[in-house]
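First up is the structure itself, then whatever we jot down about it.
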Amino acid sequence: MILFPCWKKEVGCILKALTEAWNFFFIPFVMFLIFAVILMRLRHRTDPKTQKENLPERRQRKMADIAQALQASPADVAALRRMAISEGGLLTDEIRCQVWPRLLNVPPNILEQEPEIVERDNNKDYNQVLLDVQRSLRRFPPGMPDEQREGLQEELIDIILRVLKRNPQLHYYQGYHDIVVTFLLVLGERLATALVEKLSTHHLRDFMDPTMDNTKHILNYLMPIIERVNPEVHDFMQQAEVGTVFALSWLITWFGHVLSDFRHVVRLYDFFLACHPLMPIYFAAVIVLHREEEVLECECDMAMVHHLLSQIPQDLPYETLISRAGDLFVQFPPSELAREAAWHDGMATTTFKDFDLASTQQRPDSVLRRRRKQQEAPERSAVARPSVTRRFIRLAVMGLTVALGAAALAVVNTALEWAPKLDLFP
């Protein structure tokens, strides 16, 4: 009877020791094993050989998902947007012929209309359009027979003049043909006419005003985006006084004029058509940010930096940049950057005028530097700048959702919220 309490006490001590051992050794060991398995699975999924082996399977699955979204009644436009944004985009031109009209919400009856004959005589835009189209040989596939290319060039002229005639409020700009030819090569004349008209009255509307004021304003979003992500690159560009003129052709042609590989062009068009109209300026920003080392190693001179940035490398990691552009749009939406972009308006107006003058009279850097010194705006100090602490907190938080899936969902939701204002998407 006396030994029983002692034995009970010893058993309790043993159980307590085992419990402590379990908590301190076994549970961490099990957690370590789980973590190791997860890492191995992630490594297996991201291994290039594994990705290459799974590519046909993933491609087939994506094509099946797109077909399912198209067959839904009504078509699942949100799903189609996610497919257009996600890796690989819409995969083939045949799929684009079905999906692009859905992304732009062009009614079937419009798609079925045969384009009317366009009168070229006494057309105020014909001569300029003709000159631009004749200079667009590099936009057609290499090796295409001259007869076929010349026929497509005639169709390209007709599409442009047709859209302008139907919409007299639109004004032709040099670079517009670079966008239209992409739609022509993918869709053919009939579908291209319908989609280009819708695109011109929505996504491209600001570029087709009588003046470039709205175009300049859109370009003014570029530097605030760069500043939020990499203040060092922003400050270097500001010190070099390079401005944003280098990105003008990127923006107004949706990069069609500066990319030599047609596959990359249509991949970007998948992305842009599925997103907010300002997404091209976010993509322009990520190109600059991707070239951080090149920019910072360049001589801090307007002409040198402008020359470097205006030459886009042809081997860019497009899928990575698309993912990053989507992330930046989520982190720094246009509404958050609007005030800073508006402040740049005063600078941009004279900068564009001076750049045009300098291109014909003297080195552009001297003109821009003189103009900038004359234009020290006292109100600049009144513009609210995000604190460094706030910037890093935002980047740290958003770093948890850098996966394309999360960004794509947010970008799609933003596009759908924006769209009804223009009666663009269902």
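Chain labels follow the order of the structure tokens: the first chain is A, the next B, and so on; residue numbering restarts at 1 in every chain, and ligands are counted from 1 in their shown order.
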Per DSSP on the backbone, what are the alpha helix (DSSP H) residues of segment 26-242 of chain A, as a count of residues only?
147
Leaving out Leu156 of chain A and any residue of its chain fewer than 5 positions from it, which residues lie within 12 Å of it when counting only C-alpha atoms, given as number ranges by chain?
A: 118, 126, 129-130, 132-134, 136, 139-140, 149-151, 161-163, 176-185, 187-190, 192-193, 196
Taking a cut-off of 12 Å and counting only C-alpha atoms, can you build a table that, for each residue of segment 102-175 of chain A near segment 55-76 of chain A, reports the nearest atom pair and how far apart they are in Å (one decimal), sorted by chain then residue number, as CSV?
residue,atom,partner,partner_atom,distance
A:Arg102,CA,A:Ala75,CA,7.9
A:Leu103,CA,A:Asp76,CA,10.2
A:Asn105,CA,A:Ala75,CA,10.6
Filtering to C-alpha atoms, could you give me those residues as a compact mmCIF listing (two decimals), in the first residue's frame?
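part_7.txt was written with the following content:
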# COMPACT_ATOMS: atom_id res chain seq x y z
CA ARG A 102 -15.32 37.44 -76.52
CA LEU A 103 -12.72 39.51 -74.69
CA ASN A 105 -17.56 41.65 -76.43
Rank nothing, just name the residue among A:Val229, A:Ile85, A:Val242, A:Leu316 nearest to Leu289 of chain A, using only C-alpha atoms.
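Looking only at the distances to Leu289 of chain A, the closest residue turns out to be A:Val229.
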